[in-house]
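Notes to accompany the following structure.
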Amino acid sequence: MRSRLRNDILLISSIALAAALIFAAGAIFRHTKKGETVEVTLGGEHYASLPLSQDAELDIEGLCLLKIENGEAYVAEAVCRNQICVRHRPISAPGEVIICLPGRVAVRISGGPDFVV
Amino acid sequence: MKKTRRIALLGLLVAVCFVLSYIEFLIPFTSLGVPGIKIGLANVCVMAALWLLGPVDAAAVNLARIFLSWLVFGSFTGFLYSLAGGALSLALMILLKKSGRFSPVGISAAAGAAHNCGQLFVAAVLTNTAALWYYLPVLLLCGLAAGAVNGIILTALLSRLHRGEGTDNVEKS
């Protein structure tokens, strides 16, 4: 009976360990995965699409300034008071979004397999 | 075990199994924030069949449960999910039980995790999304927890059944 208990604990903890490993692998994979396109929407409507691979600057109606550098997109300047979008870290993985609520601007990475749930 | 007794016991297990499925259908586990999670109490019956009768009878109870759920709750995708999860978990249970190295709680916990793996696999194939793999760790852990609960219930059930009469050829768990 004792050895069964030990086996049970081994069995359960190895499955839990597998879950942890898959989670870790997923987290690492997600951050190394690059998207292809930067989609900008303004007030819910499509505004612009830019390739993530090319450095660029985009002034979105004077509301915020989007910059693409080294395969990462970020908001460099914004006219709003709280500056949340400016403080957001640069995004590059498919599905990642930077949102400027006051300006109703959303910057989303798309392309490649969508790995972010 | 006499044939009539076996048939009666199988019918009983299928009936209880189905009632448990229905009770779970009424409990909104999804509102807890993890979609698709449930305890899977019906599996206690499948396990009871496996311990009291054998692998073939357990498979019969499991199939009957899945088929009945399909007829009553009426979703074909749900049927496919149940079938994949049920088949995988039962196969694992049979193997682990045969090895004789694990207690019902351990076997049930592993089976719960296997059940969720099977379901996720079907979901990934049906929706053609690899992204679902991110959900696997959550499902594995929930499956373990739910399975352990079922295993504890089964242990309690078996110890009571062993005390009863007419279960003389029940092997010790």
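Just remember, in the structure tokens the first chain shown is A, the second B, etc., residues are 1-based per chain, and ligands are 1-based in the order shown.
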
Do a neighbour search on B:Leu83 at 10 Å with only C-alpha atoms, toss out local chain neighbours closer than 2 positions, and write the hits as a PyMOL selection string. chain B and resi 62-63+65-67+77-81+85-89+115+118-119+122

Pick out the residues sitting within 10 Å of stretch 53-61 of chain B, and hand them over as a ChimeraX atom specification; count only C-alpha atoms, and ignore anything fewer than 2 positions along from it in its own chain. /B:1,6-7,9-15,17-18,42-43,45-51,63-67,86-87,90-91,93-95,97-98,169-171

Quick one: residues within 8 Å of stretch 61-67 of chain A, only C-alpha atoms, excluding same-chain residues fewer than 4 positions away - as a PyMOL selection string? chain A and resi 55-57+73-80+103

Would you output that residue set with all heavy atoms, as a short mmCIF file (atom, residue, chain, number, x, y, z; two decimals), in the first residue's frame?
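Final output, saved to part_31.cif:
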data_model
loop_
_atom_site.label_atom_id
_atom_site.label_comp_id
_atom_site.auth_asym_id
_atom_site.auth_seq_id
_atom_site.Cartn_x
_atom_site.Cartn_y
_atom_site.Cartn_z
N ASP A 55 11.52 49.19 -40.76
CA ASP A 55 11.44 50.31 -39.82
C ASP A 55 10.56 51.41 -40.42
O ASP A 55 10.68 51.73 -41.59
CB ASP A 55 12.84 50.87 -39.54
CG ASP A 55 13.64 49.92 -38.66
OD1 ASP A 55 13.12 48.83 -38.37
OD2 ASP A 55 14.77 50.28 -38.27
N ALA A 56 9.69 51.97 -39.60
CA ALA A 56 8.79 53.00 -40.12
C ALA A 56 8.26 53.86 -38.98
O ALA A 56 8.36 53.51 -37.81
CB ALA A 56 7.63 52.34 -40.87
N GLU A 57 7.71 54.99 -39.36
CA GLU A 57 7.03 55.86 -38.41
C GLU A 57 5.66 56.21 -38.99
O GLU A 57 5.54 56.43 -40.19
CB GLU A 57 7.81 57.16 -38.20
CG GLU A 57 8.93 57.05 -37.20
CD GLU A 57 9.53 58.42 -36.89
OE1 GLU A 57 8.81 59.44 -37.02
OE2 GLU A 57 10.71 58.47 -36.54
N ALA A 73 7.01 46.94 -32.65
CA ALA A 73 6.20 48.15 -32.80
C ALA A 73 5.93 48.75 -31.43
O ALA A 73 5.69 48.02 -30.48
CB ALA A 73 4.90 47.82 -33.51
N TYR A 74 5.97 50.07 -31.34
CA TYR A 74 5.62 50.72 -30.10
C TYR A 74 5.09 52.12 -30.38
O TYR A 74 5.28 52.66 -31.47
CB TYR A 74 6.82 50.76 -29.13
CG TYR A 74 8.01 51.58 -29.61
CD1 TYR A 74 8.18 52.90 -29.18
CD2 TYR A 74 8.94 51.03 -30.47
CE1 TYR A 74 9.27 53.65 -29.60
CE2 TYR A 74 10.03 51.77 -30.91
CZ TYR A 74 10.20 53.08 -30.48
OH TYR A 74 11.26 53.81 -30.91
N VAL A 75 4.44 52.68 -29.39
CA VAL A 75 3.91 54.03 -29.53
C VAL A 75 4.91 54.98 -28.87
O VAL A 75 5.18 54.87 -27.67
CB VAL A 75 2.52 54.16 -28.89
CG1 VAL A 75 2.03 55.59 -28.97
CG2 VAL A 75 1.54 53.23 -29.59
N ALA A 76 5.49 55.86 -29.66
CA ALA A 76 6.54 56.73 -29.15
C ALA A 76 5.97 57.97 -28.47
O ALA A 76 6.48 58.42 -27.45
CB ALA A 76 7.48 57.13 -30.28
N GLU A 77 4.89 58.49 -29.03
CA GLU A 77 4.30 59.70 -28.45
C GLU A 77 2.79 59.60 -28.53
O GLU A 77 2.26 58.98 -29.45
CB GLU A 77 4.73 60.95 -29.24
CG GLU A 77 6.17 61.37 -29.04
CD GLU A 77 6.58 62.43 -30.07
OE1 GLU A 77 5.72 63.24 -30.44
OE2 GLU A 77 7.74 62.39 -30.50
N ALA A 78 2.14 60.23 -27.58
CA ALA A 78 0.68 60.27 -27.63
C ALA A 78 0.21 61.56 -27.00
O ALA A 78 0.87 62.10 -26.10
CB ALA A 78 0.08 59.08 -26.90
N VAL A 79 -0.91 62.07 -27.48
CA VAL A 79 -1.37 63.35 -26.95
C VAL A 79 -2.18 63.20 -25.67
O VAL A 79 -2.44 64.16 -24.99
CB VAL A 79 -2.23 64.12 -28.00
CG1 VAL A 79 -1.36 64.57 -29.15
CG2 VAL A 79 -3.38 63.26 -28.47
N CYS A 80 -2.53 61.94 -25.36
CA CYS A 80 -3.41 61.76 -24.20
C CYS A 80 -2.65 62.02 -22.89
O CYS A 80 -1.42 62.06 -22.86
CB CYS A 80 -4.01 60.36 -24.21
SG CYS A 80 -2.76 59.09 -24.22
N GLY A 103 -7.68 57.94 -27.67
CA GLY A 103 -7.64 58.18 -29.11
C GLY A 103 -8.41 57.13 -29.90
O GLY A 103 -8.53 57.23 -31.10
#

Set the cut-off to 6 Å and count only C-alpha atoms: what are the residues of chain A that reach chain B? Output as a ChimeraX atom specification. /A:4,8,19,23,115

From stretch 7-111 of chain A, collect each residue whose DSSP state is strand (DSSP E or B) and return the set as an MDAnalysis selection string. chainID A and resid 37:42 45:51 56:60 64:69 72:78 91 97:100 105:110

Using C-alpha atoms, can you write the selected residues to a file as a PDB file, in the first residue's frame?
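For reference, again-v2.pdb as written:
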ATOM      1  CA  THR A  37       2.057  42.854 -40.096  1.00  0.00           C
ATOM      2  CA  VAL A  38       1.171  45.777 -37.866  1.00  0.00           C
ATOM      3  CA  GLU A  39      -2.521  46.555 -38.174  1.00  0.00           C
ATOM      4  CA  VAL A  40      -3.706  49.933 -36.981  1.00  0.00           C
ATOM      5  CA  THR A  41      -7.368  50.630 -36.359  1.00  0.00           C
ATOM      6  CA  LEU A  42      -8.887  53.982 -35.514  1.00  0.00           C
ATOM      7  CA  GLU A  45     -12.061  50.924 -38.447  1.00  0.00           C
ATOM      8  CA  HIS A  46      -9.044  49.902 -40.425  1.00  0.00           C
ATOM      9  CA  TYR A  47      -6.536  52.735 -40.640  1.00  0.00           C
ATOM     10  CA  ALA A  48      -3.232  51.293 -41.861  1.00  0.00           C
ATOM     11  CA  SER A  49      -1.216  48.089 -42.290  1.00  0.00           C
ATOM     12  CA  LEU A  50       2.554  48.124 -42.133  1.00  0.00           C
ATOM     13  CA  PRO A  51       5.118  45.337 -42.460  1.00  0.00           C
ATOM     14  CA  ALA A  56       8.788  52.996 -40.119  1.00  0.00           C
ATOM     15  CA  GLU A  57       7.026  55.862 -38.407  1.00  0.00           C
ATOM     16  CA  LEU A  58       3.330  56.555 -38.641  1.00  0.00           C
ATOM     17  CA  ASP A  59       1.534  59.596 -37.349  1.00  0.00           C
ATOM     18  CA  ILE A  60      -2.000  58.474 -36.529  1.00  0.00           C
ATOM     19  CA  CYS A  64      -0.170  59.064 -31.400  1.00  0.00           C
ATOM     20  CA  LEU A  65       3.066  58.344 -33.133  1.00  0.00           C
ATOM     21  CA  LEU A  66       3.650  54.698 -33.994  1.00  0.00           C
ATOM     22  CA  LYS A  67       7.209  53.542 -34.542  1.00  0.00           C
ATOM     23  CA  ILE A  68       8.429  50.238 -35.934  1.00  0.00           C
ATOM     24  CA  GLU A  69      12.029  49.427 -35.142  1.00  0.00           C
ATOM     25  CA  GLU A  72       9.016  45.639 -32.880  1.00  0.00           C
ATOM     26  CA  ALA A  73       6.201  48.152 -32.803  1.00  0.00           C
ATOM     27  CA  TYR A  74       5.622  50.723 -30.096  1.00  0.00           C
ATOM     28  CA  VAL A  75       3.914  54.032 -29.535  1.00  0.00           C
ATOM     29  CA  ALA A  76       6.536  56.733 -29.147  1.00  0.00           C
ATOM     30  CA  GLU A  77       4.300  59.699 -28.454  1.00  0.00           C
ATOM     31  CA  ALA A  78       0.683  60.267 -27.633  1.00  0.00           C
ATOM     32  CA  ILE A  91       5.078  44.331 -29.280  1.00  0.00           C
ATOM     33  CA  VAL A  97      -2.042  44.739 -28.992  1.00  0.00           C
ATOM     34  CA  ILE A  98      -1.307  48.259 -27.815  1.00  0.00           C
ATOM     35  CA  ILE A  99      -4.427  50.279 -27.235  1.00  0.00           C
ATOM     36  CA  CYS A 100      -4.831  53.998 -26.772  1.00  0.00           C
ATOM     37  CA  VAL A 105      -6.446  53.653 -31.546  1.00  0.00           C
ATOM     38  CA  ALA A 106      -5.506  49.971 -31.542  1.00  0.00           C
ATOM     39  CA  VAL A 107      -2.210  48.638 -32.814  1.00  0.00           C
ATOM     40  CA  ARG A 108      -2.289  44.892 -33.354  1.00  0.00           C
ATOM     41  CA  ILE A 109       0.296  42.435 -34.639  1.00  0.00           C
ATOM     42  CA  SER A 110      -1.031  39.898 -37.113  1.00  0.00           C
TER      43      SER A 110
END

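Between atom CA of B:Arg160 and atom CA of B:Val16 the separation is 16.7 Å.
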